[in-house]
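Encoded as structure tokens, the structure appears first; notes follow it.
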Amino acid sequence: MTDLRPLHDWSGPPAVLSLWRPSAASMESAKRAPVSPVLPSYEQEQHLRAFRACEQRHEAMARLLVVVWEEPGRCDLRAMTHVVTEHLRRHDTYHSWFEELGGAIVRHVLTDPAAIQMEPSTLGEACAEDWQKHVMATPAPFAWDCFRFGILQRASGFTCFASIDHLHADATIIAFLMTEIRSAYRAVLDGERPLQLGSPGSYLDYCSSQRQRAAATTLADPEVSRWIAFLHRNGGRMPSFALPLGVLEDRYHAEYVHVDILEEAVMDAFESACHAAGARAIGGLLACAALTERELAGRSHYSVVTPTTTRRSPKAFRTSGWCVGVVPIDFDVQQRRFPELAFTAQRNFDERMSLAETPIELVLELAAGLPTVGSVASGGVMLSYMDVNVPPLSAQIAREWHQANGRVYINQGIAAQVAIWLFRTQRGLSLTAAYPANETARASMQRYVKAFAGACRRAADALVPTCLDVGRER
């Protein structure tokens, strides 16, 4: 997996832009798609309702996942048309669209995936700002065609991109998306079979299973009780960011910072320190976040939610869709040092992984009216960690990313929480953070990032100082 950057960070020389959209016949087929008994997943429903709330307030929503990569030569538009069309037919999440009926959100599903046909149009020379405007024009999530594919053709090669509304994709699958399209395109050009990635699963089946489990879930279930206890320890709300964020409403315009935290050799040393403490990288990073809050805000108790994939099989990891839950993390910090905190954080994470299968939205539905859960249990702070060694076909995907200079971008917009994404790449560890666009929050995030990077370096330095010396010489 590559790191995550704000969309406005993308730059490049002017190039000829071609864009793929569904044909008129495809749009008509989607319009006639019947209502399905399959409800949206909890992730999809929350996303759609958040979008509608932003729309009513005339606000932009941070909703797009944009994957970008490079290819040599001149793009064969006919071959790419076949590839992107087959991609949409292959993954059933793209066969759905949603509408509001009487306060409920219902799903429509195309009965024949073969009705999907993409068509290219060449729009002429575009600069970086023009490209960004076209990406931002990707239709909204209540539209069926809330996805776009395109290229920027130059004399030396072309840039490929896919802009997918979060409704149909998450960070785990976005790397696989690029690998699938890239492999299929090369195979069509060469007249060969594409890389055998295996058949995907069904996101519709995922949604059905999730809703079936939810229907059988009650307040008496241990996962719900543990979620409520976690909220109770945080005053009935999600965890809050440790530093001042200025004057906030429920939602706010976000800005982003992206920095490289640890170079490769230092990250290797950091992971060794985690292993020596009986933890993995996620446990060590949570420990460093706890140490950062203690240093900056004097907090003796650390609390955060961290997202994790709810994919549980190789086929699921080949399935486009939004399959993410959050794990509630909290533990005492006191005067403990990194090794003990890393071990505690890792045990906390491992023991609560099952809670990711119980959507927080479901918990709040069941807990409505309980005195231990406040009226607002959203927002707060999220810390996410991903590394390149994710299944399936980790080595192949990592190699594809490196060869194609793969990148992922998100658009700016309204957010309801401070979000911190940590990415382990071949270059080391990078951090992207979203926070309120005001001077107070900006200064707080700058302090946080500096202190967090220092905590990670100290953990690595304590175990393998020679590795740090090597890393700094590079």
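Each chain of the structure tokens is named A, B, ... in the order shown, its residues numbered from 1; ligands are numbered from 1 in display order.
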
Residues near region 169-172 of chain A, cut-off 8 Å, only C-alpha atoms, skip fewer than 3 positions along chain, as a PyMOL selection string:
chain A and resi 1+65+164-166+175-176+309+317+320-324

Let's have the selection written as a compact mmCIF listing (two decimals), in the first residue's frame, with all heavy atoms.
```txt
# COMPACT_ATOMS: atom_id res chain seq x y z
N MET A 1 0.84 -1.19 0.00
CA MET A 1 0.00 0.00 0.00
C MET A 1 0.88 1.24 0.00
O MET A 1 1.90 1.29 0.67
CB MET A 1 -0.89 0.00 1.25
CG MET A 1 -1.90 1.13 1.31
SD MET A 1 -3.12 1.03 -0.01
CE MET A 1 -3.85 2.63 0.08
N LEU A 65 -11.80 8.32 -3.15
CA LEU A 65 -10.51 7.64 -3.13
C LEU A 65 -10.00 7.64 -4.57
O LEU A 65 -10.67 7.12 -5.46
CB LEU A 65 -10.65 6.21 -2.62
CG LEU A 65 -10.98 6.06 -1.12
CD1 LEU A 65 -11.29 4.61 -0.81
CD2 LEU A 65 -9.84 6.56 -0.25
N ILE A 164 -12.99 6.81 -7.25
CA ILE A 164 -14.09 5.97 -6.78
C ILE A 164 -14.67 6.59 -5.51
O ILE A 164 -13.93 6.89 -4.56
CB ILE A 164 -13.60 4.54 -6.44
CG1 ILE A 164 -12.75 3.97 -7.57
CG2 ILE A 164 -14.79 3.65 -6.11
CD1 ILE A 164 -13.47 3.71 -8.85
N ASP A 165 -15.97 6.81 -5.50
CA ASP A 165 -16.59 7.27 -4.26
C ASP A 165 -16.38 6.21 -3.18
O ASP A 165 -16.44 5.00 -3.45
CB ASP A 165 -18.08 7.53 -4.47
CG ASP A 165 -18.70 8.26 -3.29
OD1 ASP A 165 -18.99 7.59 -2.28
OD2 ASP A 165 -18.89 9.48 -3.38
N HIS A 166 -16.12 6.67 -1.96
CA HIS A 166 -15.87 5.76 -0.84
C HIS A 166 -16.98 4.72 -0.68
O HIS A 166 -16.78 3.65 -0.10
CB HIS A 166 -15.72 6.58 0.44
CG HIS A 166 -14.83 5.97 1.48
ND1 HIS A 166 -14.57 4.62 1.56
CD2 HIS A 166 -14.16 6.54 2.51
CE1 HIS A 166 -13.77 4.37 2.58
NE2 HIS A 166 -13.50 5.52 3.17
N ALA A 175 -5.32 -0.69 -3.53
CA ALA A 175 -4.09 -1.18 -4.15
C ALA A 175 -4.38 -2.35 -5.08
O ALA A 175 -3.80 -2.47 -6.16
CB ALA A 175 -3.08 -1.58 -3.07
N PHE A 176 -5.28 -3.21 -4.67
CA PHE A 176 -5.66 -4.35 -5.50
C PHE A 176 -6.35 -3.89 -6.77
O PHE A 176 -6.16 -4.48 -7.84
CB PHE A 176 -6.56 -5.30 -4.70
CG PHE A 176 -6.77 -6.63 -5.36
CD1 PHE A 176 -5.86 -7.65 -5.17
CD2 PHE A 176 -7.86 -6.86 -6.18
CE1 PHE A 176 -6.03 -8.88 -5.79
CE2 PHE A 176 -8.05 -8.08 -6.80
CZ PHE A 176 -7.13 -9.11 -6.60
N THR A 309 -9.70 -3.80 8.60
CA THR A 309 -10.54 -4.46 7.61
C THR A 309 -11.36 -5.58 8.25
O THR A 309 -10.90 -6.23 9.21
CB THR A 309 -9.69 -5.03 6.46
OG1 THR A 309 -10.57 -5.60 5.47
CG2 THR A 309 -8.74 -6.11 6.96
N PHE A 317 -10.52 -10.33 0.14
CA PHE A 317 -9.51 -9.33 -0.15
C PHE A 317 -9.44 -8.99 -1.64
O PHE A 317 -8.71 -8.08 -2.03
CB PHE A 317 -8.14 -9.79 0.35
CG PHE A 317 -7.91 -9.52 1.80
CD1 PHE A 317 -8.16 -10.50 2.75
CD2 PHE A 317 -7.47 -8.28 2.24
CE1 PHE A 317 -7.96 -10.26 4.10
CE2 PHE A 317 -7.27 -8.03 3.58
CZ PHE A 317 -7.52 -9.02 4.52
N SER A 320 -14.11 -5.64 -4.19
CA SER A 320 -14.25 -4.20 -4.04
C SER A 320 -15.49 -3.88 -3.20
O SER A 320 -16.54 -4.50 -3.37
CB SER A 320 -14.35 -3.52 -5.41
OG SER A 320 -14.22 -2.13 -5.28
N GLY A 321 -15.36 -2.92 -2.32
CA GLY A 321 -16.44 -2.55 -1.41
C GLY A 321 -15.85 -1.92 -0.17
O GLY A 321 -14.63 -1.78 -0.04
N TRP A 322 -16.71 -1.56 0.76
CA TRP A 322 -16.28 -0.90 1.99
C TRP A 322 -16.46 -1.92 3.12
O TRP A 322 -17.56 -2.13 3.61
CB TRP A 322 -17.12 0.34 2.23
CG TRP A 322 -16.57 1.28 3.25
CD1 TRP A 322 -15.59 1.04 4.18
CD2 TRP A 322 -16.96 2.64 3.45
NE1 TRP A 322 -15.35 2.14 4.94
CE2 TRP A 322 -16.17 3.15 4.51
CE3 TRP A 322 -17.90 3.47 2.85
CZ2 TRP A 322 -16.31 4.46 4.98
CZ3 TRP A 322 -18.03 4.77 3.31
CH2 TRP A 322 -17.24 5.26 4.37
N CYS A 323 -15.35 -2.53 3.53
CA CYS A 323 -15.38 -3.58 4.54
C CYS A 323 -14.46 -3.19 5.69
O CYS A 323 -13.34 -3.71 5.82
CB CYS A 323 -14.93 -4.91 3.94
SG CYS A 323 -15.83 -5.43 2.47
N VAL A 324 -14.91 -2.26 6.50
CA VAL A 324 -14.08 -1.72 7.57
C VAL A 324 -14.89 -1.60 8.85
O VAL A 324 -16.04 -1.15 8.82
CB VAL A 324 -13.50 -0.34 7.19
CG1 VAL A 324 -12.76 0.29 8.37
CG2 VAL A 324 -12.57 -0.45 6.00
```

Taking the DSSP secondary structure from the backbone, can you list the residues of region 150-383 of chain A that are strand (DSSP E or B), as a PyMOL selection string?
chain A and resi 150-153+157-165+252-263+301-309+324-332+381-383

Residue with smallest distance to Ala229 (chain A) - pool A:Glu70, A:Glu351, A:Asp145, A:Asp330, counting only C-alpha atoms:
A:Asp330

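Of the residues under consideration (A:Ala104, A:Val66, A:Ala24, A:Ala216), A:Val66 shows the shortest atom-to-atom contact distance to Phe149 (chain A) when counting only C-alpha atoms.
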
Check the DSSP output for the backbone and give back, as a count of residues only, the residues of region 134-272 of chain A in helix (DSSP H, G or I).
60

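Within 10 Å of Val449 (chain A), once only C-alpha atoms are used and residues closer than 5 positions along the same chain are dropped, the contacting residues are Val257, His258, Val259, Ile261, Ala289, Thr292, Ile420, Leu431, Thr432, Ala433, Ser444, Gly454 and Ala455 of chain A.
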
Mind pulling up the distance from CA of Ala277 (chain A) to CA of Phe331 (chain A)?
16.5 Å

Which polymer residues have any atom within 9 Å of an atom of region 55-60 of chain A, counting only C-alpha atoms, with same-chain residues fewer than 4 positions away left out, as a PyMOL selection string?
chain A and resi 50-51+253+412-414

For Gln46 (chain A), please output as number ranges by chain all residues within 12 Å (counting only C-alpha atoms; exclusion window: fewer than 2 positions along the same chain).
A: 40-44, 48-53, 63, 104-105, 141, 166-167, 322, 359-362, 378

Give the answer as one residue: which of A:Ala342, A:Ala279, A:Ala242, A:Trp20 has the shortest atom-to-atom distance to Ser300 (chain A), using only C-alpha atoms?
A:Ala242

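The protein and nucleic acid residues lying at most 9 Å from Pro113 (chain A) are Leu88, Arg89, Arg90, Asp92 and His95 of chain A, with only C-alpha atoms considered and sequence neighbours fewer than 4 positions away removed.
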
Residues within 12 Å of Ser208 (chain A), please, as a PDB file with all heavy atoms, in the first residue's frame. Count only C-alpha atoms; anything in the same chain fewer than 5 positions from it doesn't count.
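The resulting file, result.pdb, is shown below:
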```pdb
ATOM      1  N   SER A  36     -33.685  -3.837  -4.487  1.00  0.00           N
ATOM      2  CA  SER A  36     -33.169  -5.097  -3.934  1.00  0.00           C
ATOM      3  C   SER A  36     -33.526  -5.185  -2.456  1.00  0.00           C
ATOM      4  O   SER A  36     -33.575  -4.163  -1.758  1.00  0.00           O
ATOM      5  CB  SER A  36     -31.647  -5.151  -4.105  1.00  0.00           C
ATOM      6  OG  SER A  36     -31.089  -6.193  -3.338  1.00  0.00           O
ATOM      7  N   PRO A  37     -33.748  -6.396  -1.954  1.00  0.00           N
ATOM      8  CA  PRO A  37     -33.978  -6.542  -0.504  1.00  0.00           C
ATOM      9  C   PRO A  37     -32.716  -6.343   0.321  1.00  0.00           C
ATOM     10  O   PRO A  37     -32.792  -6.217   1.545  1.00  0.00           O
ATOM     11  CB  PRO A  37     -34.490  -7.984  -0.377  1.00  0.00           C
ATOM     12  CG  PRO A  37     -33.910  -8.695  -1.555  1.00  0.00           C
ATOM     13  CD  PRO A  37     -33.888  -7.684  -2.655  1.00  0.00           C
ATOM     14  N   VAL A  38     -31.553  -6.294  -0.326  1.00  0.00           N
ATOM     15  CA  VAL A  38     -30.290  -6.140   0.391  1.00  0.00           C
ATOM     16  C   VAL A  38     -30.117  -4.683   0.813  1.00  0.00           C
ATOM     17  O   VAL A  38     -30.046  -3.780  -0.029  1.00  0.00           O
ATOM     18  CB  VAL A  38     -29.101  -6.579  -0.474  1.00  0.00           C
ATOM     19  CG1 VAL A  38     -27.794  -6.399   0.296  1.00  0.00           C
ATOM     20  CG2 VAL A  38     -29.267  -8.028  -0.912  1.00  0.00           C
ATOM     21  N   LEU A  39     -30.062  -4.445   2.101  1.00  0.00           N
ATOM     22  CA  LEU A  39     -29.864  -3.099   2.617  1.00  0.00           C
ATOM     23  C   LEU A  39     -28.416  -2.662   2.390  1.00  0.00           C
ATOM     24  O   LEU A  39     -27.525  -3.495   2.228  1.00  0.00           O
ATOM     25  CB  LEU A  39     -30.175  -3.057   4.112  1.00  0.00           C
ATOM     26  CG  LEU A  39     -31.618  -3.372   4.517  1.00  0.00           C
ATOM     27  CD1 LEU A  39     -31.733  -3.409   6.040  1.00  0.00           C
ATOM     28  CD2 LEU A  39     -32.581  -2.349   3.938  1.00  0.00           C
ATOM     29  N   PRO A  40     -28.156  -1.353   2.392  1.00  0.00           N
ATOM     30  CA  PRO A  40     -26.762  -0.921   2.350  1.00  0.00           C
ATOM     31  C   PRO A  40     -26.033  -1.407   3.595  1.00  0.00           C
ATOM     32  O   PRO A  40     -26.653  -1.639   4.643  1.00  0.00           O
ATOM     33  CB  PRO A  40     -26.868   0.607   2.325  1.00  0.00           C
ATOM     34  CG  PRO A  40     -28.207   0.913   2.920  1.00  0.00           C
ATOM     35  CD  PRO A  40     -29.093  -0.222   2.514  1.00  0.00           C
ATOM     36  N   SER A  41     -24.738  -1.590   3.488  1.00  0.00           N
ATOM     37  CA  SER A  41     -23.966  -1.902   4.693  1.00  0.00           C
ATOM     38  C   SER A  41     -24.047  -0.711   5.639  1.00  0.00           C
ATOM     39  O   SER A  41     -24.422   0.401   5.250  1.00  0.00           O
ATOM     40  CB  SER A  41     -22.509  -2.188   4.333  1.00  0.00           C
ATOM     41  OG  SER A  41     -21.880  -1.009   3.861  1.00  0.00           O
ATOM     42  N   TYR A  42     -23.693  -0.933   6.900  1.00  0.00           N
ATOM     43  CA  TYR A  42     -23.685   0.177   7.853  1.00  0.00           C
ATOM     44  C   TYR A  42     -22.722   1.267   7.402  1.00  0.00           C
ATOM     45  O   TYR A  42     -22.991   2.463   7.580  1.00  0.00           O
ATOM     46  CB  TYR A  42     -23.313  -0.325   9.250  1.00  0.00           C
ATOM     47  CG  TYR A  42     -24.504  -0.824  10.029  1.00  0.00           C
ATOM     48  CD1 TYR A  42     -24.864  -2.161  10.001  1.00  0.00           C
ATOM     49  CD2 TYR A  42     -25.287   0.046  10.780  1.00  0.00           C
ATOM     50  CE1 TYR A  42     -25.958  -2.633  10.710  1.00  0.00           C
ATOM     51  CE2 TYR A  42     -26.398  -0.399  11.495  1.00  0.00           C
ATOM     52  CZ  TYR A  42     -26.722  -1.746  11.456  1.00  0.00           C
ATOM     53  OH  TYR A  42     -27.824  -2.200  12.151  1.00  0.00           O
ATOM     54  N   ARG A 107     -31.716   0.053  -1.868  1.00  0.00           N
ATOM     55  CA  ARG A 107     -30.737  -0.293  -2.890  1.00  0.00           C
ATOM     56  C   ARG A 107     -31.443  -0.761  -4.168  1.00  0.00           C
ATOM     57  O   ARG A 107     -32.387  -1.558  -4.113  1.00  0.00           O
ATOM     58  CB  ARG A 107     -29.834  -1.416  -2.369  1.00  0.00           C
ATOM     59  CG  ARG A 107     -28.770  -1.888  -3.347  1.00  0.00           C
ATOM     60  CD  ARG A 107     -28.158  -3.211  -2.914  1.00  0.00           C
ATOM     61  NE  ARG A 107     -27.508  -3.132  -1.609  1.00  0.00           N
ATOM     62  CZ  ARG A 107     -26.220  -2.856  -1.435  1.00  0.00           C
ATOM     63  NH1 ARG A 107     -25.451  -2.618  -2.481  1.00  0.00           N
ATOM     64  NH2 ARG A 107     -25.717  -2.838  -0.221  1.00  0.00           N
ATOM     65  N   SER A 202     -18.591 -11.401  -3.227  1.00  0.00           N
ATOM     66  CA  SER A 202     -19.748 -10.545  -3.488  1.00  0.00           C
ATOM     67  C   SER A 202     -19.906  -9.549  -2.343  1.00  0.00           C
ATOM     68  O   SER A 202     -20.061  -9.947  -1.184  1.00  0.00           O
ATOM     69  CB  SER A 202     -21.015 -11.388  -3.616  1.00  0.00           C
ATOM     70  OG  SER A 202     -22.167 -10.573  -3.552  1.00  0.00           O
ATOM     71  N   TYR A 203     -19.893  -8.257  -2.692  1.00  0.00           N
ATOM     72  CA  TYR A 203     -20.137  -7.258  -1.646  1.00  0.00           C
ATOM     73  C   TYR A 203     -21.604  -7.274  -1.217  1.00  0.00           C
ATOM     74  O   TYR A 203     -21.917  -6.963  -0.066  1.00  0.00           O
ATOM     75  CB  TYR A 203     -19.736  -5.862  -2.118  1.00  0.00           C
ATOM     76  CG  TYR A 203     -19.763  -4.859  -0.990  1.00  0.00           C
ATOM     77  CD1 TYR A 203     -18.874  -4.979   0.085  1.00  0.00           C
ATOM     78  CD2 TYR A 203     -20.681  -3.821  -0.958  1.00  0.00           C
ATOM     79  CE1 TYR A 203     -18.908  -4.081   1.135  1.00  0.00           C
ATOM     80  CE2 TYR A 203     -20.715  -2.915   0.088  1.00  0.00           C
ATOM     81  CZ  TYR A 203     -19.821  -3.055   1.141  1.00  0.00           C
ATOM     82  OH  TYR A 203     -19.855  -2.170   2.196  1.00  0.00           O
ATOM     83  N   ARG A 213     -26.482 -10.433  10.937  1.00  0.00           N
ATOM     84  CA  ARG A 213     -25.860 -10.451  12.268  1.00  0.00           C
ATOM     85  C   ARG A 213     -26.416  -9.321  13.125  1.00  0.00           C
ATOM     86  O   ARG A 213     -26.670  -9.495  14.324  1.00  0.00           O
ATOM     87  CB  ARG A 213     -24.344 -10.329  12.159  1.00  0.00           C
ATOM     88  CG  ARG A 213     -23.655 -11.536  11.529  1.00  0.00           C
ATOM     89  CD  ARG A 213     -22.152 -11.487  11.770  1.00  0.00           C
ATOM     90  NE  ARG A 213     -21.558 -10.231  11.334  1.00  0.00           N
ATOM     91  CZ  ARG A 213     -21.106 -10.013  10.103  1.00  0.00           C
ATOM     92  NH1 ARG A 213     -21.192 -10.969   9.182  1.00  0.00           N
ATOM     93  NH2 ARG A 213     -20.565  -8.850   9.785  1.00  0.00           N
ATOM     94  N   ALA A 214     -26.592  -8.156  12.513  1.00  0.00           N
ATOM     95  CA  ALA A 214     -27.103  -7.010  13.262  1.00  0.00           C
ATOM     96  C   ALA A 214     -28.506  -7.268  13.788  1.00  0.00           C
ATOM     97  O   ALA A 214     -28.844  -6.889  14.922  1.00  0.00           O
ATOM     98  CB  ALA A 214     -27.089  -5.763  12.381  1.00  0.00           C
ATOM     99  N   ALA A 215     -29.339  -7.924  12.979  1.00  0.00           N
ATOM    100  CA  ALA A 215     -30.726  -8.197  13.392  1.00  0.00           C
ATOM    101  C   ALA A 215     -30.778  -9.121  14.593  1.00  0.00           C
ATOM    102  O   ALA A 215     -31.743  -9.084  15.378  1.00  0.00           O
ATOM    103  CB  ALA A 215     -31.500  -8.803  12.224  1.00  0.00           C
TER     104      ALA A 215
END
```

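Residue nearest Ile174 (chain A), chosen from A:Leu4, A:Ala460, A:Ala265, A:Val408 and counting only C-alpha atoms: A:Val408.
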
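Between CA of Gly325 (chain A) and CA of Thr310 (chain A) the interatomic distance comes to 6.2 Å.
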
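Using only C-alpha atoms, the smallest distance between any of A:Val109, A:Ala162, A:Val224, A:Ile181 and Leu204 (chain A) comes from A:Val109.
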
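Each of A:Leu7, A:Ala184, A:Cys127, A:Ile410 was compared to Ala62 (chain A) using only C-alpha atoms, and A:Ile410 turns out to be the nearest.
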
Rounded to one decimal, what separation in Å do you get between CA of Glu99 (chain A) and CA of Thr111 (chain A)?
17.1 Å
